[in-house]
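Below is one structure, written out as structure tokens, with a few remarks after it.
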Amino acid sequence: MSQLASEMGTPLIFEQGQNGRANRYFARAESAADYLPAEVLRDDLMLPENTELDVVRHYTRLSQRTFGIDLGFYPLGSCTMKYNPRINDAVANLPGLRDLHPFAPDEMAQGALQIMYELERSLASLFGMAAFSLNPAAGAHAELAALLVAKKYFRERGESGRNTVIVPDTAHGTNPASAAMCGFRVISLRSDERGRVGLDELEKVLGPETAVCMMTNPNTLGLFEDHIVEIAKSVHDAGGLMYYDGANANALMGNARPGDMGFDLMHLNTHKTFTIPHGGGGAGHGPLGVAAHLTDYLPIPVVRASKMPNGKPTKFVSDGLTFSLDFDLPKSIGPMRSFWSNFAHAVRALAYMYANGAQGLKRVSELAVLNANYLRVKIAPFLETPYPEICRHEFVASAQKLKKETGVRALDIAKALLDRGYMAPTMYFPLLVPECLMIEPTETESKETLDGFVESLREIVETARRDPKQILDAPTKTVVGRIDETRAARQPDLRWQSH
Ligand SMILES: *Cc1c(COP(=O)(O)O)cnc(C)c1O
């Protein structure tokens, strides 16, 4: 038995079962050879034979040994782990959408194209951009696409010397990584004492080599960059472009628009802001928005709408428009993703937007901000909050003082929270706050849940003061106890082997 299986106390499905116990509900194929080409058949596959009931129990048990938003509070800062309304999945699963072939000609895919068109138009209006591409498959993927757009834009303007991307030290790691991957030099900008980009520091690094300044607003400390208009002006005066990392868009929907702040490019993580389950590296969706001067560079294809020649609605479209996929953009950076990208996510995102409406989305952001400030104020008496001012949708706390007094670190608090039924907050990020816990409640949690979380945190801190060992040994109630982090990183055991 592999070590993981024995730690989890349950044999893996391959280790269960007995010959002859296979599923009785389906007739056995006469012989696999009737269906499969000989060269793919193997005799030495040790496939288990299990009853359906054993298989169902096995997977149901496994599903309860992990943690997800459906199981409990998931305050993972920057990740916006909000409740995913089931109706979005139901809509994405409608046979007409689910079974549509990506090679279907435009005239047979009018409904799907209309969904993409309406999502694109809705995002453009909500965030103040000229156009969006639904092509990139995640936030980081859209960052890369945006930097490719910037590169091409500068090359065509004869400004290939613009080879530098500026990234504040509060940025997500994907920002500098995307820039480096795209061949840019990265300058990291130190935040000022208010946890924000300082104009003086920025001016020092701006110049004829500046290509893009990538910013998250509110930043990952949950603080709104209140000088954003001046910052954008400085970058534009230096000839650069402004990129908006929209992972924190849950803080400002309907209240402020990146386009109005002066951003030229932006991404959204619809799997964060617009629900859609995420985590575990699952499929994502990262629409890329651009201002008017950059629309020609968007990835292909782009959905176009035109008035029907006779202006009359057909049975495919209700409003006299007809939709088509445009692959003919001479300046496009090309496709970032095959076919229609993660189309089902576009459906989920639009279902979420339409279910809320403009007023509802505004309210979502206001409640997310309210919940974060409620937690921040409740936690401040027993855990430092290094930036004690009104935050947006998330905030950071620090265990630095607790560590000095008791040896209990942010990591240990995170482990102890798992024992108490909560997912840990994001830890040790952003890098500028030592022993950092970054907490994002989202709008979907009740006051009772938030109060329960505060009480658990308080109890952990009190226990750490009285008997630190209890916290240092956590977690003790989860299926897997405290793991050897170094060995897990250096010698990962990711694959079951039969010996
Ligand atoms: C999640 C996140 C990203 C990356 O987005 P993915 O969709 O995971 O690729 C970028 N920036 C910030 C601030 C994020 O929180």
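We name chains A, B, ... following the order of the structure tokens; residues begin at 1 in each chain, and ligands are numbered from 1 as shown.
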
Hey, what's within 8 Å of range 202-204 of chain A if we count only C-alpha atoms and toss same-chain stuff fewer than 2 positions away? As a PyMOL selection string, please? chain A and resi 189+197-200+206+231+234

Dump N, CA, C and O atoms for the selected residues as a compact mmCIF listing (two decimals), in the first residue's frame?
# COMPACT_ATOMS: atom_id res chain seq x y z
N LEU A 189 8.51 47.06 -7.97
CA LEU A 189 8.34 48.38 -7.36
C LEU A 189 7.98 48.22 -5.89
O LEU A 189 6.99 47.56 -5.57
N VAL A 197 1.36 51.83 -4.31
CA VAL A 197 2.40 52.31 -5.22
C VAL A 197 2.60 53.80 -4.97
O VAL A 197 1.64 54.57 -4.98
N GLY A 198 3.84 54.21 -4.73
CA GLY A 198 4.15 55.62 -4.51
C GLY A 198 4.57 56.25 -5.84
O GLY A 198 5.33 55.66 -6.60
N LEU A 199 4.03 57.44 -6.08
CA LEU A 199 4.33 58.11 -7.37
C LEU A 199 5.83 58.38 -7.53
O LEU A 199 6.38 58.24 -8.62
N ASP A 200 6.51 58.73 -6.42
CA ASP A 200 7.94 59.05 -6.51
C ASP A 200 8.74 57.83 -6.96
O ASP A 200 9.59 57.92 -7.85
N LEU A 206 10.29 54.91 -14.49
CA LEU A 206 9.65 55.12 -15.80
C LEU A 206 10.66 55.70 -16.79
O LEU A 206 11.56 56.45 -16.41
N ILE A 231 -1.14 57.79 -11.35
CA ILE A 231 -0.21 56.72 -11.75
C ILE A 231 -0.37 56.43 -13.24
O ILE A 231 0.60 56.36 -14.00
N SER A 234 1.14 59.19 -15.33
CA SER A 234 2.61 59.12 -15.39
C SER A 234 3.07 58.06 -16.37
O SER A 234 4.00 58.28 -17.16

Name the residues, by chain letter and number, that sit within 7 Å of ligand 1 using only C-alpha atoms and all ligand atoms, and give them as a PyMOL selection string. chain A and resi 78-79+138-141+171-172+174-175+216+220+245+247-248+269+284-286

Export of the given selection (all heavy atoms) as a CSV table (one decimal), in the first residue's frame:
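selection18.csv, freshly written:
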chain,number,residue,atom,x,y,z
A,78,SER,N,-7.4,36.6,-2.3
A,78,SER,CA,-7.1,36.8,-3.7
A,78,SER,C,-7.8,35.8,-4.6
A,78,SER,O,-7.8,35.9,-5.8
A,78,SER,CB,-5.6,36.8,-4.0
A,78,SER,OG,-5.3,37.6,-5.1
A,79,CYS,N,-8.4,34.8,-4.0
A,79,CYS,CA,-9.0,33.7,-4.9
A,79,CYS,C,-10.5,33.8,-5.0
A,79,CYS,O,-11.0,33.1,-5.8
A,79,CYS,CB,-8.6,32.3,-4.3
A,79,CYS,SG,-6.8,32.0,-4.4
A,138,ALA,N,-7.4,31.4,-18.5
A,138,ALA,CA,-7.2,31.7,-17.1
A,138,ALA,C,-6.6,33.1,-17.0
A,138,ALA,O,-6.3,33.7,-18.0
A,138,ALA,CB,-6.3,30.7,-16.4
A,139,GLY,N,-6.5,33.6,-15.7
A,139,GLY,CA,-5.9,34.9,-15.5
A,139,GLY,C,-4.5,35.0,-16.0
A,139,GLY,O,-4.2,36.0,-16.8
A,140,ALA,N,-3.7,34.1,-15.7
A,140,ALA,CA,-2.3,34.1,-16.1
A,140,ALA,C,-2.2,34.0,-17.6
A,140,ALA,O,-1.3,34.7,-18.2
A,140,ALA,CB,-1.5,32.9,-15.4
A,141,HIS,N,-3.1,33.2,-18.2
A,141,HIS,CA,-3.1,33.1,-19.7
A,141,HIS,C,-3.4,34.4,-20.3
A,141,HIS,O,-2.8,34.8,-21.4
A,141,HIS,CB,-4.1,32.0,-20.0
A,141,HIS,CG,-4.0,31.4,-21.4
A,141,HIS,ND1,-5.0,30.8,-22.0
A,141,HIS,CD2,-2.9,31.2,-22.1
A,141,HIS,CE1,-4.6,30.4,-23.2
A,141,HIS,NE2,-3.3,30.5,-23.3
A,171,ALA,N,2.2,42.4,-6.1
A,171,ALA,CA,1.6,41.7,-7.2
A,171,ALA,C,1.6,40.2,-7.0
A,171,ALA,O,2.4,39.7,-6.3
A,171,ALA,CB,2.3,42.1,-8.5
A,172,HIS,N,0.6,39.6,-7.7
A,172,HIS,CA,0.6,38.1,-7.7
A,172,HIS,C,1.8,37.6,-8.5
A,172,HIS,O,2.2,38.3,-9.5
A,172,HIS,CB,-0.7,37.7,-8.5
A,172,HIS,CG,-1.0,36.3,-8.3
A,172,HIS,ND1,-0.6,35.3,-9.2
A,172,HIS,CD2,-1.8,35.6,-7.4
A,172,HIS,CE1,-1.1,34.1,-8.8
A,172,HIS,NE2,-1.8,34.3,-7.8
A,174,THR,N,2.1,35.6,-10.8
A,174,THR,CA,1.9,35.4,-12.2
A,174,THR,C,2.3,36.6,-13.0
A,174,THR,O,2.7,36.5,-14.2
A,174,THR,CB,0.5,35.0,-12.6
A,174,THR,OG1,-0.4,36.0,-12.0
A,174,THR,CG2,0.1,33.6,-12.1
A,175,ASN,N,2.2,37.8,-12.4
A,175,ASN,CA,2.5,39.1,-13.2
A,175,ASN,C,3.9,39.1,-13.7
A,175,ASN,O,4.2,39.2,-14.9
A,175,ASN,CB,2.2,40.3,-12.4
A,175,ASN,CG,0.7,40.6,-12.1
A,175,ASN,OD1,0.3,41.6,-11.6
A,175,ASN,ND2,-0.2,39.6,-12.5
A,216,THR,N,-2.8,45.7,-9.7
A,216,THR,CA,-4.0,45.1,-9.2
A,216,THR,C,-4.7,46.1,-8.3
A,216,THR,O,-4.0,46.7,-7.5
A,216,THR,CB,-3.7,43.8,-8.3
A,216,THR,OG1,-2.8,43.0,-9.1
A,216,THR,CG2,-4.9,43.0,-8.0
A,220,THR,N,-3.3,43.4,-3.5
A,220,THR,CA,-3.5,42.2,-2.7
A,220,THR,C,-3.4,42.4,-1.2
A,220,THR,O,-3.6,41.5,-0.4
A,220,THR,CB,-2.5,41.1,-3.1
A,220,THR,OG1,-1.2,41.7,-2.9
A,220,THR,CG2,-2.6,40.7,-4.6
A,245,ASP,N,-4.8,43.8,-13.4
A,245,ASP,CA,-5.0,42.4,-13.0
A,245,ASP,C,-6.3,42.4,-12.3
A,245,ASP,O,-6.5,42.9,-11.2
A,245,ASP,CB,-3.8,42.0,-12.1
A,245,ASP,CG,-4.0,40.6,-11.6
A,245,ASP,OD1,-5.2,40.1,-11.4
A,245,ASP,OD2,-3.0,40.0,-11.2
A,247,ALA,N,-8.1,40.1,-10.8
A,247,ALA,CA,-8.4,39.1,-9.9
A,247,ALA,C,-9.2,39.6,-8.7
A,247,ALA,O,-9.9,38.9,-8.0
A,247,ALA,CB,-7.2,38.4,-9.4
A,248,ASN,N,-9.1,40.9,-8.4
A,248,ASN,CA,-9.8,41.5,-7.3
A,248,ASN,C,-11.0,42.3,-7.7
A,248,ASN,O,-11.5,43.2,-7.0
A,248,ASN,CB,-8.8,42.4,-6.5
A,248,ASN,CG,-7.7,41.6,-5.8
A,248,ASN,OD1,-7.9,40.4,-5.7
A,248,ASN,ND2,-6.7,42.2,-5.3
A,269,ASN,N,-10.9,37.1,-13.9
A,269,ASN,CA,-10.9,35.7,-13.7
A,269,ASN,C,-12.4,35.4,-13.4
A,269,ASN,O,-12.8,35.6,-12.3
A,269,ASN,CB,-10.1,35.4,-12.4
A,269,ASN,CG,-8.7,36.0,-12.4
A,269,ASN,OD1,-8.6,37.2,-12.4
A,269,ASN,ND2,-7.7,35.1,-12.5
A,284,GLY,N,-10.2,27.1,-16.2
A,284,GLY,CA,-10.5,28.5,-15.8
A,284,GLY,C,-11.0,29.3,-17.0
A,284,GLY,O,-11.3,28.7,-18.1
A,285,HIS,N,-11.1,30.6,-16.8
A,285,HIS,CA,-11.6,31.4,-17.9
A,285,HIS,C,-11.1,32.9,-17.6
A,285,HIS,O,-11.5,33.4,-16.6
A,285,HIS,CB,-13.2,31.4,-17.9
A,285,HIS,CG,-13.8,32.1,-19.0
A,285,HIS,ND1,-14.8,33.0,-18.9
A,285,HIS,CD2,-13.6,31.9,-20.4
A,285,HIS,CE1,-15.2,33.4,-20.1
A,285,HIS,NE2,-14.5,32.7,-21.0
A,286,GLY,N,-10.3,33.4,-18.5
A,286,GLY,CA,-9.7,34.7,-18.3
A,286,GLY,C,-9.9,35.7,-19.4
A,286,GLY,O,-9.0,36.0,-20.1

Out of A:His278, A:His227, A:His236, A:Arg194, which residue has the shortest atom-to-atom distance to Gly207 in chain A when counting only C-alpha atoms? A:His236

Which residue of A:Arg61, A:Lys404, A:Lys152, A:Lys469 approaches Ser332 in chain A most closely, using only C-alpha atoms: A:Lys152

Test item: residues at most 8 Å from range 183-186 of chain A, only C-alpha atoms, excluding those fewer than 6 positions along its chain, as an NGL selection string: :A and (163-167 or 176)

Using only C-alpha atoms, determine which residues lie at most 8 Å from Thr170 in chain A, disregarding the query and same-chain residues fewer than 2 positions distant; provide the list as a count of residues only. 9

Among range 64-291 of chain A, which ones does DSSP place in strand (DSSP E), written as a PyMOL selection string? chain A and resi 131-133+164-168+185-189+210-216+241-246+265-268+288-290

Just the helix (DSSP H, G or I) stuff from range 29-170 of chain A, please, per backbone DSSP, written as an MDAnalysis selection string. chainID A and resid 32:34 38:40 52:63 86:92 95:98 106:108 110:127 139:156

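Ranking A:Met81, A:Ala416, A:Ala179, A:Leu437 by their shortest atom-to-atom distance to Lys477 in chain A, with only C-alpha atoms included, puts A:Ala416 first.
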
Measuring atom to atom with only C-alpha atoms, identify which of A:Trp340, A:Phe395, A:Phe67, A:Tyr354 is nearest to Ala137 in chain A. A:Trp340

Excluding same-chain residues fewer than 3 positions from range 129-135 of chain A, what lies within 9 Å of it counting only C-alpha atoms, as number ranges by chain? A: 116, 119-121, 123-126, 142, 257-260, 263-267, 285-295, 298-303, 335-343, 346

Find the spatial neighbours of Ala232 in chain A, counting only C-alpha atoms, within a cut-off of 10 Å - ignore same-chain residues fewer than 2 positions away - and output them as number ranges by chain. A: 213, 227-230, 234-238, 240-243, 261-264

How would the residues just picked look written out with N, CA, C and O atoms as a CSV table (one decimal), in the first residue's frame?
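Result file is part_39.csv:
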chain,number,residue,atom,x,y,z
A,213,CYS,N,2.9,48.8,-17.2
A,213,CYS,CA,2.9,48.8,-15.7
A,213,CYS,C,1.7,47.9,-15.3
A,213,CYS,O,0.5,48.2,-15.7
A,227,HIS,N,-4.2,56.8,-5.8
A,227,HIS,CA,-3.6,57.7,-6.8
A,227,HIS,C,-3.6,57.1,-8.2
A,227,HIS,O,-2.7,57.4,-9.0
A,228,ILE,N,-4.5,56.2,-8.4
A,228,ILE,CA,-4.5,55.4,-9.7
A,228,ILE,C,-4.5,56.3,-10.9
A,228,ILE,O,-3.9,56.1,-11.9
A,229,VAL,N,-5.3,57.4,-10.9
A,229,VAL,CA,-5.4,58.3,-12.0
A,229,VAL,C,-4.1,58.9,-12.3
A,229,VAL,O,-3.6,59.0,-13.5
A,230,GLU,N,-3.4,59.4,-11.3
A,230,GLU,CA,-2.1,60.0,-11.4
A,230,GLU,C,-1.1,59.0,-11.9
A,230,GLU,O,-0.2,59.3,-12.8
A,234,SER,N,1.1,59.2,-15.3
A,234,SER,CA,2.6,59.1,-15.4
A,234,SER,C,3.1,58.1,-16.4
A,234,SER,O,4.0,58.3,-17.2
A,235,VAL,N,2.4,56.9,-16.3
A,235,VAL,CA,2.8,55.8,-17.2
A,235,VAL,C,2.5,56.1,-18.6
A,235,VAL,O,3.4,55.9,-19.5
A,236,HIS,N,1.4,56.7,-18.9
A,236,HIS,CA,1.0,57.1,-20.2
A,236,HIS,C,2.0,58.2,-20.7
A,236,HIS,O,2.4,58.2,-21.9
A,237,ASP,N,2.3,59.2,-19.9
A,237,ASP,CA,3.2,60.3,-20.3
A,237,ASP,C,4.6,59.7,-20.7
A,237,ASP,O,5.3,60.2,-21.5
A,238,ALA,N,5.0,58.6,-20.0
A,238,ALA,CA,6.2,57.9,-20.3
A,238,ALA,C,6.1,57.1,-21.6
A,238,ALA,O,7.1,56.4,-22.0
A,240,GLY,N,4.1,54.4,-21.8
A,240,GLY,CA,3.7,53.0,-21.5
A,240,GLY,C,2.3,52.7,-21.5
A,240,GLY,O,1.4,53.6,-21.6
A,241,LEU,N,1.9,51.4,-21.3
A,241,LEU,CA,0.5,51.0,-21.2
A,241,LEU,C,0.2,50.5,-19.8
A,241,LEU,O,1.1,50.1,-19.1
A,242,MET,N,-1.0,50.7,-19.3
A,242,MET,CA,-1.4,50.2,-18.0
A,242,MET,C,-2.2,48.9,-18.1
A,242,MET,O,-3.2,48.8,-18.9
A,243,TYR,N,-1.8,47.9,-17.3
A,243,TYR,CA,-2.5,46.6,-17.3
A,243,TYR,C,-3.2,46.4,-15.9
A,243,TYR,O,-2.5,46.6,-14.9
A,261,MET,N,-10.2,54.4,-14.8
A,261,MET,CA,-9.0,54.7,-14.1
A,261,MET,C,-7.8,54.9,-15.0
A,261,MET,O,-6.8,55.3,-14.5
A,262,GLY,N,-8.0,54.5,-16.3
A,262,GLY,CA,-6.9,54.8,-17.2
A,262,GLY,C,-6.2,53.5,-17.7
A,262,GLY,O,-5.1,53.6,-18.3
A,263,PHE,N,-6.8,52.3,-17.4
A,263,PHE,CA,-6.1,51.1,-17.8
A,263,PHE,C,-6.4,50.8,-19.3
A,263,PHE,O,-7.5,51.0,-19.8
A,264,ASP,N,-5.4,50.3,-20.0
A,264,ASP,CA,-5.5,50.0,-21.4
A,264,ASP,C,-5.8,48.5,-21.7
A,264,ASP,O,-6.3,48.2,-22.7

Nearest to Ser446 in chain A, chosen from A:Ala372, A:Cys391, A:Thr210, A:Gly96, with only C-alpha atoms counted in the distances: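 Counting only C-alpha atoms, the residue closest to Ser446 in chain A is A:Ala372.
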
Using Å and a single decimal, report how far CA of Gly357 in chain A sits from CA of Phe127 in chain A.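 Distance reported for this atom pair: 14.4 Å.
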
Residue contacts of Leu383 in chain A (9 Å, only C-alpha atoms) excluding same-chain residues fewer than 5 positions away, as a PyMOL selection string: chain A and resi 397-399+401-402+457-458+461

Could you dump the residues just selected with N, CA, C and O atoms as a PDB file, in the first residue's frame?
ATOM      1  N   ALA A 397      -3.682  40.014   7.873  1.00  0.00           N
ATOM      2  CA  ALA A 397      -3.331  39.996   9.289  1.00  0.00           C
ATOM      3  C   ALA A 397      -1.922  39.409   9.370  1.00  0.00           C
ATOM      4  O   ALA A 397      -1.460  38.789   8.415  1.00  0.00           O
ATOM      5  N   SER A 398      -1.261  39.632  10.486  1.00  0.00           N
ATOM      6  CA  SER A 398       0.103  39.118  10.613  1.00  0.00           C
ATOM      7  C   SER A 398       0.281  38.431  11.955  1.00  0.00           C
ATOM      8  O   SER A 398      -0.186  38.924  12.988  1.00  0.00           O
ATOM      9  N   ALA A 399       0.982  37.282  11.941  1.00  0.00           N
ATOM     10  CA  ALA A 399       1.251  36.546  13.181  1.00  0.00           C
ATOM     11  C   ALA A 399       2.668  36.814  13.678  1.00  0.00           C
ATOM     12  O   ALA A 399       3.202  36.060  14.484  1.00  0.00           O
ATOM     13  N   LYS A 401       3.970  39.081  15.723  1.00  0.00           N
ATOM     14  CA  LYS A 401       4.095  39.294  17.160  1.00  0.00           C
ATOM     15  C   LYS A 401       3.862  37.967  17.915  1.00  0.00           C
ATOM     16  O   LYS A 401       4.614  37.625  18.824  1.00  0.00           O
ATOM     17  N   LEU A 402       2.854  37.249  17.482  1.00  0.00           N
ATOM     18  CA  LEU A 402       2.547  35.964  18.115  1.00  0.00           C
ATOM     19  C   LEU A 402       3.732  35.016  17.983  1.00  0.00           C
ATOM     20  O   LEU A 402       4.063  34.275  18.920  1.00  0.00           O
ATOM     21  N   LEU A 457     -10.450  31.663  15.399  1.00  0.00           N
ATOM     22  CA  LEU A 457      -9.133  32.316  15.337  1.00  0.00           C
ATOM     23  C   LEU A 457      -8.717  32.791  16.725  1.00  0.00           C
ATOM     24  O   LEU A 457      -7.574  32.620  17.140  1.00  0.00           O
ATOM     25  N   ARG A 458      -9.664  33.388  17.445  1.00  0.00           N
ATOM     26  CA  ARG A 458      -9.363  33.895  18.790  1.00  0.00           C
ATOM     27  C   ARG A 458      -8.929  32.726  19.692  1.00  0.00           C
ATOM     28  O   ARG A 458      -7.942  32.821  20.420  1.00  0.00           O
ATOM     29  N   VAL A 461      -5.378  31.637  18.890  1.00  0.00           N
ATOM     30  CA  VAL A 461      -4.366  32.559  19.409  1.00  0.00           C
ATOM     31  C   VAL A 461      -4.243  32.402  20.930  1.00  0.00           C
ATOM     32  O   VAL A 461      -3.137  32.374  21.483  1.00  0.00           O
TER      33      VAL A 461
END

What does the distance between CA of Thr444 in chain A and CA of Val364 in chain A come to in Å, to one decimal place?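 Value for the CA of Thr444 in chain A-CA of Val364 in chain A distance: 8.4 Å.
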
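Take the candidates A:Leu36, A:Ile187, A:Leu361, A:Ile69 and check each one against Lys82 in chain A using only C-alpha atoms; the shortest distance goes to A:Ile69.
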
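Across the model, the gap from CA of Asn373 in chain A to CA of Ala249 in chain A is 16.6 Å.
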